[in-house]
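To keep things clear, I will list the structure first and then write my remarks on it.
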Amino acid sequence: QAKDAGRGTCSWYEPALRERIEHRFTVGEELRHALSKDEFVLYLQPQVDGNGQICSFEALVRWQHPQRGLILPGEFIPVAEENGLIAELGDWVLNHTCLLMAQHPRLHCSVNVSVRQFLHPEFLDRIDSLLRDHEIGASRLTLEVTESLLIADFEQVALKMQSLQQLGVRLSIDDFGTGYSSLVYLKRLPIDELKIDRDFVRDLPGDTSDASLVVLILAMARHLNLSVVAEGVENAEQAEFLRQHGCHYYQGYFYGRPQPIDSWLEVMDHARGVRPAAI
Ligand code: C2E
Ligand code: MG
Ligand code: MG
Ligand code: MG
């Protein structure tokens with residue numbers, strides 16, 4: 001234990017901690033640089049309906065690092081969240097997704113929006129002008145937020161969500177089931193879609209507690225008229241279980257991995273768009 005090591009002695013965890021802090025600092029500095037150098041790239045992962053037809057894509061950012069190669073968001077999004085660059089990075093993603101949608105009139109996309117970006121005073125105007133400038137029908141854009149947004153200032157979040165709904169943008173709760181536990185907000189906020197976190201999908205259909213949870217989420221979504229996207233679908237058994245219990249949309253390696261835009265060019269022009277679950 002660090003405490004037992006006593007004053008003046010070097011505790012065992014220090015070098016690791018220092019390395020971690022220094023790594024974060026370096027990544028933070030590099031991120032700033034990367035934004036100005038435009039080192040980010042969009043990958044798209046398809047979302048399919050019950051017939052396996054692609055309806056939409058989730059935009060997932062990657063960092064094309066000049067030395068270290070392709071870096072996944074798990075390594076830099078948390079750093080960007082901490083040092084405040086997330087709003088700028090998120091805006092980069094939003095802007096590039098809208099540019100892509102402008103070029104492909106049938107393309108529907110989901111974009112991840114972090115709490116800080118959502119709460120930014122100019123967020124609403126930004127969405128509005130992007131959609132107007134590029135003449136993108138608002139319902140082609142879905143914003144994915146996490147439950148952590150809902151423990152922020154509820155009234156402020158609710159107002160902003162209502163304004164976004166008035167614009168016609170769709171709102172989705174990402175990683176549903178892993179965060180804030182009150183379900184009241186599902187009724188009180190203008191939410192269109194839930195994404196069942198892949199933690200609950202991974203061990204379907206064998207794991208009985210995950211299975212009952214998923215069944216419950218699907219039943220609840222049906223009653224509240226929300227559409228549901230299951231994340232992390234990797235095999236036919238998971239898909240079949242989800243389908244039997246009324247899931248409408250699926251995303252996961254079973255249907256397609258996140259890939260650079262170029263590899264979706266053909267498919268993109270046939271995307272049909274995720275529609276709210278019909279009752
Ligand atoms: P997420 O929004 O929940 O995105 C789904 C993640 O699951 C993606 O990881 C995707 O590659 C991965 N995934 C999809 N299907 C499967 C599957 O069948 N099996 C497994 N094991 N994984 C699957 P990725 O691209 O590494 O992104 C991780 C997280 O980073 C995202 O989770 C999201 O929270 C965040 N992120 C990505 N892009 C952005 C962005 O532009 N802005 C913000 N704020 N966050 C982003
Ligand atoms: Mg997401
Ligand atoms: Mg997710
Ligand atoms: Mg997830």
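Labeling convention for the structure tokens: chains A, B, ... as they appear, residues from 1 per chain, ligands from 1 in order of appearance.
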
Given 12 Å and only C-alpha atoms and all ligand atoms, residues near ligand 4 as a ChimeraX atom specification
/A:58,60,74,112,144-147,173-179,194-202,229-233,251-252

If we count only C-alpha atoms and set the cut-off at 12 Å, which residues sit around Glu88 of chain A, ignoring sequence neighbours fewer than 3 positions away in its own chain? Please answer as a list in words.
Leu31, Arg32, Ala34, Leu35, Ser36, Asp38, Phe40, Ile77, Ala80, Glu81, Asn83, Gly84, Leu85, Asp91, Trp92, Val93, Leu94, Asn95, Val113, Ser114, Arg116, Gln117, Phe118, His120, Glu122, Phe123 and Arg126 of chain A

Residues from last step as file, N, CA, C and O atoms, as a compact mmCIF listing (two decimals), in the first residue's frame:
# COMPACT_ATOMS: atom_id res chain seq x y z
N LEU A 31 -4.35 16.29 -29.59
CA LEU A 31 -5.73 16.42 -30.07
C LEU A 31 -5.97 17.81 -30.65
O LEU A 31 -6.56 17.97 -31.70
N ARG A 32 -5.49 18.81 -29.91
CA ARG A 32 -5.61 20.19 -30.35
C ARG A 32 -4.98 20.35 -31.74
O ARG A 32 -5.57 20.91 -32.66
N ALA A 34 -4.35 17.91 -33.82
CA ALA A 34 -5.05 17.06 -34.79
C ALA A 34 -6.28 17.76 -35.37
O ALA A 34 -6.60 17.60 -36.54
N LEU A 35 -6.95 18.54 -34.51
CA LEU A 35 -8.12 19.27 -34.99
C LEU A 35 -7.73 20.29 -36.06
O LEU A 35 -8.39 20.42 -37.08
N SER A 36 -6.63 20.98 -35.80
CA SER A 36 -6.20 21.99 -36.78
C SER A 36 -5.66 21.32 -38.04
O SER A 36 -5.72 21.89 -39.13
N ASP A 38 -6.79 18.46 -39.19
CA ASP A 38 -7.83 17.66 -39.80
C ASP A 38 -7.44 16.18 -39.90
O ASP A 38 -7.54 15.57 -40.96
N PHE A 40 -8.90 13.73 -38.31
CA PHE A 40 -9.97 12.81 -37.94
C PHE A 40 -10.67 12.27 -39.18
O PHE A 40 -10.68 12.90 -40.23
N ILE A 77 -11.70 10.15 -26.88
CA ILE A 77 -12.93 10.86 -26.49
C ILE A 77 -12.90 11.24 -25.00
O ILE A 77 -13.17 12.38 -24.64
N ALA A 80 -10.71 14.20 -24.60
CA ALA A 80 -11.36 15.39 -25.17
C ALA A 80 -12.48 15.90 -24.25
O ALA A 80 -12.72 17.09 -24.15
N GLU A 81 -13.16 14.95 -23.57
CA GLU A 81 -14.21 15.33 -22.61
C GLU A 81 -13.59 16.12 -21.46
O GLU A 81 -14.16 17.10 -20.99
N ASN A 83 -10.60 17.81 -21.33
CA ASN A 83 -9.94 19.09 -21.60
C ASN A 83 -10.80 20.07 -22.40
O ASN A 83 -10.33 21.11 -22.82
N GLY A 84 -12.06 19.69 -22.61
CA GLY A 84 -12.99 20.63 -23.22
C GLY A 84 -12.98 20.64 -24.75
O GLY A 84 -13.79 21.30 -25.37
N LEU A 85 -12.09 19.85 -25.36
CA LEU A 85 -12.04 19.83 -26.82
C LEU A 85 -13.21 19.06 -27.44
O LEU A 85 -13.41 19.10 -28.65
N ASP A 91 -18.33 18.87 -33.01
CA ASP A 91 -18.80 19.74 -34.08
C ASP A 91 -18.18 19.33 -35.42
O ASP A 91 -18.84 19.39 -36.45
N TRP A 92 -16.94 18.90 -35.37
CA TRP A 92 -16.28 18.39 -36.58
C TRP A 92 -17.09 17.21 -37.14
O TRP A 92 -17.37 17.13 -38.33
N VAL A 93 -17.46 16.30 -36.25
CA VAL A 93 -18.20 15.10 -36.65
C VAL A 93 -19.57 15.48 -37.23
O VAL A 93 -19.97 14.99 -38.28
N LEU A 94 -20.24 16.38 -36.53
CA LEU A 94 -21.56 16.83 -36.97
C LEU A 94 -21.48 17.48 -38.35
O LEU A 94 -22.26 17.16 -39.26
N ASN A 95 -20.53 18.36 -38.51
CA ASN A 95 -20.35 19.06 -39.77
C ASN A 95 -20.05 18.09 -40.92
O ASN A 95 -20.68 18.15 -41.98
N VAL A 113 -23.53 12.67 -29.53
CA VAL A 113 -23.37 14.02 -29.00
C VAL A 113 -23.04 13.93 -27.51
O VAL A 113 -23.79 13.32 -26.75
N SER A 114 -21.92 14.51 -27.13
CA SER A 114 -21.54 14.44 -25.72
C SER A 114 -22.30 15.51 -24.93
O SER A 114 -22.85 16.46 -25.50
N ARG A 116 -21.36 17.91 -22.92
CA ARG A 116 -20.86 19.28 -23.03
C ARG A 116 -21.26 19.93 -24.36
O ARG A 116 -21.58 21.10 -24.43
N GLN A 117 -21.23 19.11 -25.41
CA GLN A 117 -21.60 19.61 -26.73
C GLN A 117 -23.09 19.95 -26.77
O GLN A 117 -23.51 20.99 -27.29
N PHE A 118 -23.90 19.07 -26.20
CA PHE A 118 -25.35 19.28 -26.16
C PHE A 118 -25.70 20.54 -25.39
O PHE A 118 -26.59 21.30 -25.78
N HIS A 120 -23.88 23.14 -24.91
CA HIS A 120 -23.27 24.35 -25.46
C HIS A 120 -24.37 25.30 -25.95
O HIS A 120 -25.29 24.88 -26.64
N GLU A 122 -24.66 27.33 -28.23
CA GLU A 122 -24.90 27.49 -29.66
C GLU A 122 -25.30 26.19 -30.38
O GLU A 122 -25.47 26.18 -31.60
N PHE A 123 -25.45 25.12 -29.60
CA PHE A 123 -25.70 23.81 -30.22
C PHE A 123 -26.94 23.80 -31.12
O PHE A 123 -26.90 23.34 -32.26
N ARG A 126 -26.54 25.77 -34.26
CA ARG A 126 -25.59 25.08 -35.13
C ARG A 126 -26.32 23.98 -35.94
O ARG A 126 -26.16 23.89 -37.15

As a ChimeraX atom specification, please: every residue in segment 144-232 of chain A that DSSP puts in helix (DSSP H, G or I).
/A:147-151,154-167,184-188,198-201,208-223

Residue nearest Pro66 of chain A among A:Cys247, A:Ser139, A:Ala152, A:Lys37 (counting only C-alpha atoms):
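Among A:Cys247, A:Ser139, A:Ala152, A:Lys37, it is A:Lys37 that comes nearest to Pro66 of chain A.
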
List the neighbours of Ala219 of chain A out to 8 Å using only C-alpha atoms; skip same-chain residues closer than 4 positions along the sequence, and give me the result as a list in words.
Val215, His223, His245 and Gly246 of chain A

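Here the question is which of A:Gln162, A:Gln53, A:Gln103, A:Ser172 gets nearest to ligand 2 using only C-alpha atoms and all ligand atoms, and that residue is A:Ser172.
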
Pick the closest to Gln67 of chain A from A:Asp262, A:Glu237, A:Glu39, A:Asp192: which is it, counting only C-alpha atoms?
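Checking each candidate against Gln67 of chain A, we get A:Glu39 as the closest.
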
Nearest candidate to ligand 2 (options A:Thr142, A:Gln64, A:Gln166, A:Thr26; using only C-alpha atoms and all ligand atoms)
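Among A:Thr142, A:Gln64, A:Gln166, A:Thr26, it is A:Thr142 that comes nearest to ligand 2.
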
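You will find atom CA of Gly90 of chain A at 5.1 Å from atom 42 (N, counted along the ligand's line) of ligand 1.
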
Figure out the distance between atom CA of Leu171 of chain A and atom CA of Val228 of chain A, please, to one decimal in Å.
11.7 Å

Which distance in Å separates atom 10 (C, counted along the ligand's line) of ligand 1 and atom CA of Tyr253 of chain A, to one decimal?
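Going from atom 10 (C, counted along the ligand's line) of ligand 1 over to atom CA of Tyr253 of chain A, I get 8.4 Å.
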
Report as a PyMOL selection string all protein, DNA and RNA residues lying within 10 Å of Met101 of chain A, evaluated on only C-alpha atoms, omitting residues in the same chain fewer than 2 positions from it.
chain A and resi 95-99+103-109+131+134-137+140-141+268-269

From the list A:Leu70, A:Ala16, A:Val267, A:Val111, which residue is nearest ligand 3 when using only C-alpha atoms and all ligand atoms?
A:Val111

Counting only C-alpha atoms and all ligand atoms, which residue out of A:Glu22, A:Leu17, A:Leu216, A:Ala59 sits closest to ligand 3?
A:Ala59

Compile the contact shell of Glu75 of chain A as a count of residues only: residues with an atom at most 12 Å away, counting only C-alpha atoms, same-chain residues fewer than 2 positions apart removed.
17
